[in-house]
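Q: File follows, structure-v5.txt with compact mmCIF, C-alpha atoms and all ligand atoms:
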# COMPACT_ATOMS: atom_id res chain seq x y z
CA MET T 1 0.00 0.00 0.00
CA GLU T 2 1.25 3.45 -0.90
CA MET T 3 1.36 5.85 2.05
CA THR T 4 -0.69 9.01 1.79
CA ARG T 5 1.64 11.58 0.31
CA LEU T 6 2.01 14.43 2.79
CA PRO T 7 3.38 17.86 1.84
CA TRP T 8 6.80 17.12 3.41
CA MET T 9 7.34 14.17 1.05
CA THR T 10 8.78 16.13 -1.85
CA ASP T 11 10.63 14.70 -4.87
CA GLU T 12 13.74 16.51 -3.66
CA LEU T 13 13.48 14.71 -0.32
CA ALA T 14 13.03 11.34 -2.07
CA GLN T 15 16.21 11.99 -4.05
CA PHE T 16 18.13 13.03 -0.93
CA ARG T 17 16.90 9.93 0.88
CA HIS T 18 17.92 7.69 -2.01
CA SER T 19 21.47 9.03 -2.21
CA ALA T 20 21.80 9.07 1.60
CA HIS T 21 20.74 5.42 1.70
CA ARG T 22 23.32 4.44 -0.90
CA TYR T 23 26.13 6.41 0.74
CA LEU T 24 25.33 5.05 4.20
CA THR T 25 25.14 1.47 2.93
CA GLU T 26 28.31 1.59 0.87
CA GLN T 27 30.55 3.98 2.76
CA ILE T 28 29.41 4.24 6.37
CA ALA T 29 27.80 0.95 7.49
CA PRO T 30 31.06 -1.00 6.87
CA ARG T 31 32.71 1.22 9.52
CA VAL T 32 30.32 0.12 12.30
CA PRO T 33 32.45 -2.86 13.50
CA GLY T 34 35.42 -0.47 13.87
CA TRP T 35 33.32 1.91 15.98
CA ILE T 36 32.15 -0.96 18.16
CA GLU T 37 35.74 -2.00 18.76
CA ALA T 38 36.83 1.57 19.54
CA LYS T 39 33.61 2.32 21.52
CA GLN T 40 33.33 5.54 19.54
CA VAL T 41 32.77 6.93 16.07
CA ASP T 42 35.88 8.19 14.29
CA ARG T 43 36.18 11.85 13.36
CA ARG T 44 36.64 11.08 9.70
CA THR T 45 33.05 9.82 9.55
CA TRP T 46 31.73 13.09 10.98
CA LEU T 47 33.73 15.03 8.41
CA ASP T 48 32.66 12.74 5.57
CA LEU T 49 28.98 13.06 6.46
CA GLY T 50 29.42 16.82 6.83
CA ALA T 51 31.02 17.03 3.39
CA MET T 52 28.04 15.12 1.96
CA GLY T 53 25.61 17.62 3.53
CA MET T 54 24.29 14.82 5.73
CA LEU T 55 24.57 16.29 9.23
CA LEU T 56 22.38 19.38 9.43
CA PRO T 57 20.73 19.97 6.03
CA GLU T 58 17.93 21.95 7.67
CA LEU T 59 20.24 24.82 8.65
CA PRO T 60 20.15 27.90 6.42
CA ASP T 61 22.78 28.08 3.65
CA GLU T 62 24.68 30.85 5.39
CA LEU T 63 25.09 28.65 8.48
CA GLY T 64 26.41 25.65 6.60
CA GLY T 65 23.17 23.83 5.80
CA SER T 66 21.05 23.58 2.67
CA GLY T 67 17.96 25.39 3.96
CA THR T 68 15.78 22.28 3.73
CA SER T 69 12.70 21.40 5.76
CA LEU T 70 13.05 19.51 9.03
CA ALA T 71 11.90 16.41 7.17
CA PHE T 72 15.42 16.10 5.71
CA GLN T 73 16.79 15.62 9.23
CA THR T 74 14.14 13.02 10.08
CA ALA T 75 14.81 11.27 6.75
CA LEU T 76 18.51 11.12 7.58
CA VAL T 77 17.75 9.61 10.97
CA GLU T 78 15.51 7.05 9.27
CA GLU T 79 18.07 6.07 6.68
CA MET T 80 20.71 5.72 9.38
CA ALA T 81 18.35 3.43 11.30
CA ALA T 82 17.52 1.43 8.16
CA THR T 83 21.21 0.84 7.42
CA GLY T 84 22.16 -0.07 11.02
CA VAL T 85 24.33 3.04 11.50
CA LEU T 86 22.09 4.98 13.83
CA PRO T 87 22.44 3.17 17.16
CA HIS T 88 26.14 4.01 17.15
CA PHE T 89 26.17 7.45 15.57
CA GLY T 90 25.03 10.30 17.81
CA ILE T 91 23.33 12.34 15.09
CA SER T 92 20.23 13.02 17.16
CA VAL T 93 21.99 14.80 20.04
CA HIS T 94 24.15 16.67 17.53
CA ALA T 95 21.01 17.85 15.73
CA ILE T 96 19.19 18.68 18.96
CA GLY T 97 22.19 20.76 20.07
CA ALA T 98 22.06 22.63 16.77
CA HIS T 99 18.37 23.27 17.23
CA TYR T 100 18.95 24.82 20.66
CA LEU T 101 21.41 27.16 18.99
CA MET T 102 19.00 27.95 16.17
CA ALA T 103 16.18 28.66 18.61
CA TYR T 104 17.99 30.56 21.36
CA GLY T 105 21.50 31.39 20.14
CA SER T 106 22.48 34.94 19.26
CA GLU T 107 23.58 35.60 15.69
CA GLU T 108 27.17 35.62 16.89
CA GLN T 109 26.77 32.25 18.66
CA GLN T 110 25.12 30.73 15.61
CA ARG T 111 27.91 31.89 13.32
CA ARG T 112 30.56 30.73 15.78
CA TRP T 113 29.36 27.15 16.07
CA LEU T 114 26.72 26.06 13.54
CA PRO T 115 28.79 26.01 10.31
CA ALA T 116 31.43 23.86 12.03
CA MET T 117 28.69 21.56 13.34
CA ALA T 118 27.26 21.20 9.84
CA SER T 119 30.68 20.32 8.41
CA GLY T 120 31.41 17.80 11.18
CA GLU T 121 34.41 19.74 12.51
CA LEU T 122 32.54 20.31 15.77
CA ILE T 123 30.73 17.41 17.41
CA ALA T 124 28.00 18.31 19.88
CA ALA T 125 26.60 16.69 23.02
CA ILE T 126 23.75 17.57 25.34
CA ALA T 127 24.46 17.16 29.02
CA MET T 128 21.46 17.14 31.30
CA SER T 129 21.59 13.89 33.29
CA GLU T 130 23.58 13.63 36.48
CA PRO T 131 24.31 10.71 38.77
CA GLY T 132 21.53 11.86 41.11
CA ALA T 133 19.12 13.44 38.62
CA GLY T 134 17.72 12.01 35.38
CA SER T 135 13.94 12.16 35.14
CA ASP T 136 13.81 14.77 37.87
CA LEU T 137 15.83 17.59 36.35
CA GLN T 138 14.89 19.85 39.25
CA GLY T 139 17.39 17.87 41.26
CA LEU T 140 20.37 18.95 39.15
CA LYS T 141 23.46 19.88 41.14
CA THR T 142 25.87 21.16 38.47
CA HIS T 143 26.25 24.81 39.23
CA ALA T 144 27.50 27.84 37.30
CA ARG T 145 28.47 30.84 39.44
CA ARG T 146 28.99 34.19 37.78
CA ASP T 147 32.45 35.66 38.30
CA GLY T 148 32.96 38.85 36.27
CA GLU T 149 32.79 37.97 32.58
CA HIS T 150 32.86 34.23 33.23
CA TYR T 151 30.77 31.45 34.72
CA VAL T 152 32.62 29.07 37.01
CA ILE T 153 31.17 25.59 36.65
CA ASN T 154 31.36 22.75 39.16
CA GLY T 155 29.62 19.40 38.98
CA SER T 156 29.33 16.26 36.94
CA LYS T 157 27.15 14.68 34.26
CA THR T 158 26.62 11.07 33.31
CA PHE T 159 25.25 8.99 30.41
CA ILE T 160 26.25 11.67 27.91
CA THR T 161 26.02 10.56 24.27
CA ASN T 162 29.05 11.75 22.25
CA GLY T 163 30.47 12.65 25.67
CA SER T 164 34.07 11.70 25.04
CA ILE T 165 34.28 13.05 21.48
CA ALA T 166 32.22 16.23 21.79
CA ASP T 167 33.89 19.59 21.27
CA LEU T 168 30.77 21.51 22.17
CA VAL T 169 28.52 20.58 25.07
CA CYS T 170 25.13 22.13 25.64
CA LEU T 171 25.28 21.99 29.41
CA VAL T 172 22.28 22.24 31.70
CA VAL T 173 23.31 24.05 34.86
CA LYS T 174 21.83 25.75 37.87
CA THR T 175 22.61 29.43 37.83
CA ASP T 176 20.46 29.91 40.92
CA THR T 177 20.25 26.99 43.32
CA THR T 178 17.34 28.53 45.22
CA ALA T 179 14.98 29.15 42.33
CA GLY T 180 13.91 25.60 41.29
CA ALA T 181 13.15 25.29 37.57
CA LYS T 182 13.63 29.05 37.20
CA GLY T 183 17.24 28.69 38.32
CA THR T 184 18.17 26.48 35.34
CA SER T 185 20.19 27.75 32.37
CA LEU T 186 21.82 26.35 29.23
CA LEU T 187 25.50 27.08 28.70
CA MET T 188 27.44 26.20 25.56
CA VAL T 189 30.79 24.79 26.64
CA ASP T 190 33.64 24.47 24.15
CA THR T 191 35.55 21.60 25.70
CA ARG T 192 38.71 21.88 23.60
CA ALA T 193 41.72 22.45 25.86
CA LEU T 194 39.40 23.57 28.64
CA ALA T 195 41.04 23.72 32.06
CA GLY T 196 39.14 21.81 34.76
CA PHE T 197 37.09 19.77 32.29
CA LYS T 198 37.57 16.01 32.32
CA VAL T 199 35.94 13.11 30.52
CA GLY T 200 35.44 10.22 32.94
CA ARG T 201 34.61 6.63 32.00
CA VAL T 202 33.17 5.71 28.63
CA LEU T 203 30.37 3.56 29.99
CA ASP T 204 29.95 -0.13 29.18
CA LYS T 205 26.47 -0.59 27.71
CA ILE T 206 24.45 -3.63 26.65
CA GLY T 207 23.78 -2.13 23.21
CA MET T 208 24.66 0.86 21.01
CA MET T 209 28.23 -0.32 21.41
CA GLY T 210 29.86 2.09 18.96
CA SER T 211 28.31 5.15 20.58
CA ASP T 212 30.35 6.70 23.37
CA THR T 213 28.25 7.34 26.45
CA ALA T 214 30.44 9.08 28.97
CA GLU T 215 30.78 10.79 32.31
CA LEU T 216 31.83 14.46 32.32
CA PHE T 217 33.42 16.33 35.21
CA PHE T 218 33.63 20.08 35.75
CA ASP T 219 36.05 21.42 38.34
CA ASP T 220 36.14 25.23 38.44
CA VAL T 221 35.67 25.33 34.65
CA ARG T 222 35.55 28.92 33.38
CA VAL T 223 33.24 29.70 30.47
CA PRO T 224 32.63 33.22 29.06
CA VAL T 225 29.23 34.67 29.97
CA GLY T 226 28.69 35.12 26.24
CA ASN T 227 28.14 31.35 26.03
CA LEU T 228 24.82 31.52 27.88
CA LEU T 229 21.95 30.55 25.57
CA GLY T 230 19.16 33.07 25.29
CA GLY T 231 21.06 35.91 26.91
CA VAL T 232 19.16 35.76 30.22
CA GLU T 233 19.72 33.33 33.10
CA GLY T 234 16.95 31.05 34.33
CA ARG T 235 15.35 30.18 31.01
CA GLY T 236 16.90 26.72 30.64
CA PHE T 237 13.94 24.65 31.76
CA TYR T 238 11.58 26.48 29.45
CA GLN T 239 14.05 26.17 26.56
CA LEU T 240 14.37 22.41 27.14
CA MET T 241 10.59 21.98 27.23
CA GLU T 242 10.09 23.96 24.05
CA GLN T 243 12.41 21.74 22.03
CA LEU T 244 10.88 18.48 23.25
CA PRO T 245 8.54 17.90 20.27
CA PHE T 246 11.58 17.78 17.95
CA GLU T 247 13.56 15.42 20.20
CA ARG T 248 10.65 13.09 20.78
CA THR T 249 9.74 12.93 17.11
CA ILE T 250 13.35 12.00 16.27
CA LEU T 251 13.14 9.11 18.76
CA ALA T 252 9.80 7.98 17.31
CA VAL T 253 11.26 8.16 13.79
CA MET T 254 14.18 6.01 14.94
CA ALA T 255 11.71 3.53 16.41
CA VAL T 256 9.50 3.19 13.36
CA ALA T 257 12.48 2.77 11.03
CA SER T 258 13.81 0.00 13.29
CA ILE T 259 10.40 -1.70 13.39
CA GLU T 260 10.28 -1.71 9.59
CA ARG T 261 13.82 -3.06 9.34
CA ALA T 262 13.05 -5.83 11.84
CA VAL T 263 9.94 -6.90 9.93
CA ALA T 264 11.83 -6.88 6.60
CA LEU T 265 14.77 -8.89 7.96
CA THR T 266 12.47 -11.42 9.62
CA THR T 267 10.23 -11.84 6.59
CA GLU T 268 13.29 -12.59 4.48
CA TYR T 269 14.59 -15.10 7.04
CA VAL T 270 11.37 -17.06 7.54
CA LYS T 271 11.02 -17.50 3.79
CA GLU T 272 14.43 -19.16 3.63
CA ARG T 273 14.60 -21.15 6.85
CA THR T 274 12.90 -24.51 6.84
CA ALA T 275 11.69 -26.82 9.63
CA PHE T 276 9.57 -29.95 9.44
CA GLY T 277 9.95 -29.92 5.67
CA LYS T 278 8.59 -26.47 4.98
CA ALA T 279 9.59 -22.81 5.16
CA LEU T 280 8.84 -21.12 8.50
CA ILE T 281 6.60 -18.63 6.69
CA GLU T 282 4.21 -21.48 5.94
CA MET T 283 3.50 -22.08 9.65
CA GLN T 284 0.41 -20.32 10.87
CA ASN T 285 2.04 -18.90 14.01
CA THR T 286 4.83 -17.32 11.94
CA ARG T 287 2.32 -15.85 9.52
CA PHE T 288 0.05 -14.45 12.22
CA LYS T 289 2.86 -13.00 14.32
CA LEU T 290 4.45 -11.32 11.32
CA ALA T 291 1.04 -10.03 10.22
CA GLU T 292 0.69 -8.42 13.66
CA CYS T 293 4.17 -6.88 13.45
CA ALA T 294 3.54 -5.56 9.92
CA THR T 295 0.29 -3.98 11.13
CA ILE T 296 2.07 -2.26 14.01
CA ALA T 297 4.71 -1.01 11.55
CA ARG T 298 1.98 0.48 9.35
CA VAL T 299 0.12 2.18 12.22
CA ALA T 300 3.37 3.57 13.65
CA ARG T 301 4.44 4.83 10.23
CA VAL T 302 1.20 6.72 9.64
CA PHE T 303 1.36 8.28 13.12
CA VAL T 304 5.02 9.31 12.77
CA ASN T 305 4.53 10.67 9.26
CA ASP T 306 1.79 12.89 10.66
CA CYS T 307 4.08 14.02 13.50
CA VAL T 308 6.79 14.95 10.96
CA GLN T 309 4.25 16.99 9.01
CA ARG T 310 3.21 18.83 12.16
CA LEU T 311 6.83 19.33 13.11
CA CYS T 312 7.52 20.93 9.72
CA ASP T 313 4.41 23.09 10.10
CA GLY T 314 5.40 24.11 13.65
CA THR T 315 2.14 22.71 15.04
CA LEU T 316 3.32 19.57 16.83
CA ASP T 317 2.29 19.78 20.47
CA SER T 318 4.28 18.29 23.29
CA THR T 319 1.54 15.80 24.27
CA THR T 320 1.33 14.25 20.80
CA ALA T 321 5.13 14.08 20.60
CA SER T 322 5.19 12.31 23.99
CA MET T 323 2.60 9.83 22.70
CA ALA T 324 4.73 9.16 19.63
CA LYS T 325 7.87 8.69 21.74
CA TRP T 326 6.46 6.20 24.26
CA TRP T 327 4.25 4.22 21.94
CA CYS T 328 6.67 3.85 19.03
CA THR T 329 9.60 2.91 21.28
CA GLN T 330 7.43 0.41 23.19
CA MET T 331 6.36 -1.09 19.85
CA GLN T 332 9.99 -1.13 18.71
CA CYS T 333 10.94 -3.31 21.69
CA ASP T 334 7.86 -5.55 21.36
CA VAL T 335 8.21 -6.08 17.61
CA ILE T 336 11.96 -6.72 17.70
CA ASP T 337 11.48 -9.20 20.53
CA GLU T 338 8.83 -11.02 18.49
CA CYS T 339 10.96 -10.92 15.33
CA LEU T 340 14.02 -12.26 17.14
CA GLN T 341 11.98 -15.30 18.21
CA HIS T 342 11.55 -16.32 14.58
CA PHE T 343 15.32 -16.54 14.17
CA GLY T 344 15.54 -19.18 16.89
CA GLY T 345 19.06 -19.52 18.30
CA TYR T 346 20.53 -17.44 15.49
CA GLY T 347 18.52 -14.51 16.81
CA TYR T 348 20.64 -14.55 19.94
CA MET T 349 23.93 -14.29 18.03
CA ARG T 350 25.40 -10.81 17.68
CA GLU T 351 26.47 -11.56 14.11
CA TYR T 352 22.77 -11.40 13.20
CA PRO T 353 21.48 -7.82 12.91
CA ILE T 354 18.26 -8.72 14.74
CA ALA T 355 20.28 -9.57 17.87
CA GLN T 356 22.02 -6.20 17.79
CA MET T 357 18.72 -4.45 17.15
CA TYR T 358 17.27 -6.18 20.24
CA ALA T 359 20.07 -4.87 22.45
CA ASP T 360 20.06 -1.41 20.84
CA ALA T 361 16.30 -0.96 21.16
CA ARG T 362 16.02 -1.28 24.92
CA VAL T 363 17.35 2.15 25.79
CA GLN T 364 14.80 3.87 23.57
CA LYS T 365 12.25 3.46 26.37
CA ILE T 366 14.67 5.06 28.84
CA TYR T 367 16.40 8.09 27.34
CA GLY T 368 14.85 11.24 25.90
CA GLY T 369 12.51 11.21 28.92
CA THR T 370 11.51 7.72 30.14
CA ASN T 371 8.27 6.26 28.83
CA GLU T 372 6.78 6.56 32.32
CA ILE T 373 7.50 10.29 32.27
CA MET T 374 5.89 10.50 28.78
CA LYS T 375 2.71 8.93 30.17
CA GLU T 376 2.79 11.29 33.14
CA LEU T 377 2.95 14.26 30.75
CA ILE T 378 0.16 12.89 28.56
CA ALA T 379 -2.01 12.22 31.61
CA ARG T 380 -1.60 15.84 32.73
CA SER T 381 -3.20 16.97 29.47
CA LEU T 382 -6.31 14.82 29.91
C1 LIG B 1 22.61 5.05 26.27
C2 LIG B 1 22.14 6.29 26.98
C3 LIG B 1 22.35 7.52 26.39
C4 LIG B 1 21.96 8.69 27.05
N1 LIG B 1 22.26 9.91 26.50
C5 LIG B 1 22.04 11.03 27.23
C6 LIG B 1 22.50 12.30 26.76
O1 LIG B 1 23.08 12.42 25.67
N2 LIG B 1 22.31 13.39 27.54
C7 LIG B 1 21.68 13.30 28.76
O2 LIG B 1 21.54 14.33 29.42
N3 LIG B 1 21.22 12.12 29.23
C8 LIG B 1 21.39 10.98 28.50
N4 LIG B 1 20.96 9.77 28.98
C9 LIG B 1 20.31 9.71 30.28
C10 LIG B 1 18.81 9.45 30.20
O3 LIG B 1 18.16 10.54 29.65
C11 LIG B 1 18.33 9.09 31.62
O4 LIG B 1 18.87 7.82 31.93
C12 LIG B 1 16.82 9.09 31.74
O5 LIG B 1 16.31 10.39 31.64
C13 LIG B 1 16.35 8.47 33.06
O6 LIG B 1 16.99 9.05 34.15
P1 LIG B 1 17.67 8.11 35.26
O7 LIG B 1 18.57 7.15 34.55
O8 LIG B 1 18.26 8.98 36.28
O9 LIG B 1 16.48 7.27 35.83
P2 LIG B 1 15.46 7.72 37.07
O10 LIG B 1 15.01 9.12 36.83
O11 LIG B 1 16.17 7.39 38.33
O12 LIG B 1 14.28 6.73 36.82
C14 LIG B 1 14.27 5.37 37.25
C15 LIG B 1 12.89 4.78 36.99
O13 LIG B 1 11.92 5.50 37.75
C16 LIG B 1 10.89 5.96 36.88
N5 LIG B 1 10.37 7.26 37.31
C17 LIG B 1 11.06 8.35 37.68
N6 LIG B 1 10.24 9.36 37.97
C18 LIG B 1 8.99 8.90 37.78
C19 LIG B 1 7.68 9.46 37.90
N7 LIG B 1 7.51 10.75 38.27
N8 LIG B 1 6.62 8.70 37.64
C20 LIG B 1 6.77 7.40 37.25
N9 LIG B 1 7.97 6.81 37.11
C21 LIG B 1 9.06 7.54 37.37
C22 LIG B 1 11.56 6.10 35.52
O14 LIG B 1 10.60 6.09 34.48
C23 LIG B 1 12.46 4.88 35.52
O15 LIG B 1 11.75 3.77 35.13
C24 LIG B 1 21.30 8.59 28.30
C25 LIG B 1 21.06 7.34 28.87
C26 LIG B 1 21.48 6.20 28.24
C27 LIG B 1 21.24 4.87 28.91
Represent the structure of the file as structure tokens.

A:
Amino acid sequence: MEMTRLPWMTDELAQFRHSAHRYLTEQIAPRVPGWIEAKQVDRRTWLDLGAMGMLLPELPDELGGSGTSLAFQTALVEEMAATGVLPHFGISVHAIGAHYLMAYGSEEQQRRWLPAMASGELIAAIAMSEPGAGSDLQGLKTHARRDGEHYVINGSKTFITNGSIADLVCLVVKTDTTAGAKGTSLLMVDTRALAGFKVGRVLDKIGMMGSDTAELFFDDVRVPVGNLLGGVEGRGFYQLMEQLPFERTILAVMAVASIERAVALTTEYVKERTAFGKALIEMQNTRFKLAECATIARVARVFVNDCVQRLCDGTLDSTTASMAKWWCTQMQCDVIDECLQHFGGYGYMREYPIAQMYADARVQKIYGGTNEIMKELIARSL
């Protein structure tokens, strides 16, 4: 069945998607085993993707992008998921960091950082989570104290994607420890040769093995006051909330692309594998289970396509984005689990993509706001 063609699905986007798919398959996917071994993505890949216009196409030309719609970024994320690159490559946090700059950065800040982010010379991370505060961001302890023309930062962050390779960290700090949410600010921290800044452990995960997830430490780190996002202290919480529809849609897009890949891989496998003298696809259980998975894939696709349209139109509300995030990531885990079962013992072997997809999927229900927090937010709107 052809999907309803929505306004964001232009011919230009289809062409971009097609060449991105080919480039990712031929040039980038073969690098994944090397990333897994190194527990990080090499810089050459960032530069190569930047040179291909495949990091931040939605930025305006003058800031290093191609002035496309946001759908080009979601298409990139999808093609990375479809080719098995995405779980290891921290494109989403890089893009989210760029969007904070686009939304709240001054012209000078945008010119300073965005072109280098689009070319892959600067890799970005977003650092919110701390050892004692994940879902409950009000409990953040990392503190930035104003001292003349600088902020002096002390504290630590954990679970930071791109943490050990990032040159630019969008850091969530308390600028006023007595003011609750209103004491939170976003500071852009250029980590290159920065005194007092230290990357801690690159954490040992059960999936997404090529993506570096790291601890960051700040010990009297001095950052110019000009690096504050939005020009006024205390706006951080509001800024984070405002960008959530974009972040959550990206996670839902990742989920639906993974669901589709799992169904495609499994369908291919059960047509080839035989047991009791016939192909697995001929067994009623296999047929029914795959029919269920294909239906979920279709429903998720229609929902996410609609979210992308609303995102492009600027009308996607936070509640709908939260629904997309929790439901699509839950379905991602359910469908991949079901698909893996059809591979039997081979499904448990890391050399089979479905096994890696199983391990990579699990975190989707945890980061970007846990699925329980998504439901809490949705419930508040009822
Ligand atoms: C691979 C990976 C990459 C990550 N990348 C980043 C990153 O780049 N930047 C970053 O800042 N963070 C990142 N994170 C951190 C992630 O966002 C947090 O782990 C997540 O927000 C949950 O916080 P927590 O781990 O402290 O869990 P907690 O907040 O301690 O939650 C534990 C459990 O309690 C539940 N819970 C908490 N509060 C409620 C409530 N009010 N109602 C119901 N249930 C509740 C949660 O849903 C969860 O099930 C990453 C994490 C991982 C694993």

Q: Can you work out which residues are within 8 Å of ligand LIG 1 (chain B), considering only C-alpha atoms and all ligand atoms, and then hand them over as a PyMOL selection string?

A: chain T and resi 93+125-136+157-163+205+207-208+213+363+366-373+376

Q: With a cut-off of 12 Å, could you pull out the residues of stretch 17-119 of chain T touching stretch 221-238 of chain T and give me the nearest pair of atoms for each, distance in Å to one decimal, using only C-alpha atoms, ordered by chain and ascending number, as JSON lines?

A:
{"residue": "T:Gly97", "atom": "CA", "partner": "T:Leu229", "partner_atom": "CA", "distance": 11.2}
{"residue": "T:Ala98", "atom": "CA", "partner": "T:Leu229", "partner_atom": "CA", "distance": 11.8}
{"residue": "T:His99", "atom": "CA", "partner": "T:Leu229", "partner_atom": "CA", "distance": 11.6}
{"residue": "T:Tyr100", "atom": "CA", "partner": "T:Leu229", "partner_atom": "CA", "distance": 8.1}
{"residue": "T:Leu101", "atom": "CA", "partner": "T:Leu229", "partner_atom": "CA", "distance": 7.4}
{"residue": "T:Met102", "atom": "CA", "partner": "T:Leu229", "partner_atom": "CA", "distance": 10.2}
{"residue": "T:Ala103", "atom": "CA", "partner": "T:Gly230", "partner_atom": "CA", "distance": 8.5}
{"residue": "T:Tyr104", "atom": "CA", "partner": "T:Gly230", "partner_atom": "CA", "distance": 4.8}
{"residue": "T:Gly105", "atom": "CA", "partner": "T:Leu229", "partner_atom": "CA", "distance": 5.5}
{"residue": "T:Ser106", "atom": "CA", "partner": "T:Gly230", "partner_atom": "CA", "distance": 7.1}
{"residue": "T:Glu107", "atom": "CA", "partner": "T:Gly230", "partner_atom": "CA", "distance": 10.9}
{"residue": "T:Glu108", "atom": "CA", "partner": "T:Gly226", "partner_atom": "CA", "distance": 9.5}
{"residue": "T:Gln109", "atom": "CA", "partner": "T:Asn227", "partner_atom": "CA", "distance": 7.6}
{"residue": "T:Gln110", "atom": "CA", "partner": "T:Leu229", "partner_atom": "CA", "distance": 10.5}
{"residue": "T:Arg112", "atom": "CA", "partner": "T:Asn227", "partner_atom": "CA", "distance": 10.6}
{"residue": "T:Trp113", "atom": "CA", "partner": "T:Asn227", "partner_atom": "CA", "distance": 10.9}

Q: Do you know which residues are at most 7 Å from T:Pro245 counting only C-alpha atoms, after dropping those on the same chain fewer than 2 positions away, and could you put them as a PyMOL selection string?

A: chain T and resi 243+247-249+316-318+321

Q: Given the choices T:Phe218, T:Phe89, T:Phe197, T:Phe246, which gets closest to T:Asp313 if the distance is worked out from only C-alpha atoms?

A: T:Phe246

Q: One number please: atom CA of T:Arg350 to atom CA of T:Cys293, in Å, one decimal.

A: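 Those two atoms sit 22.0 Å apart.
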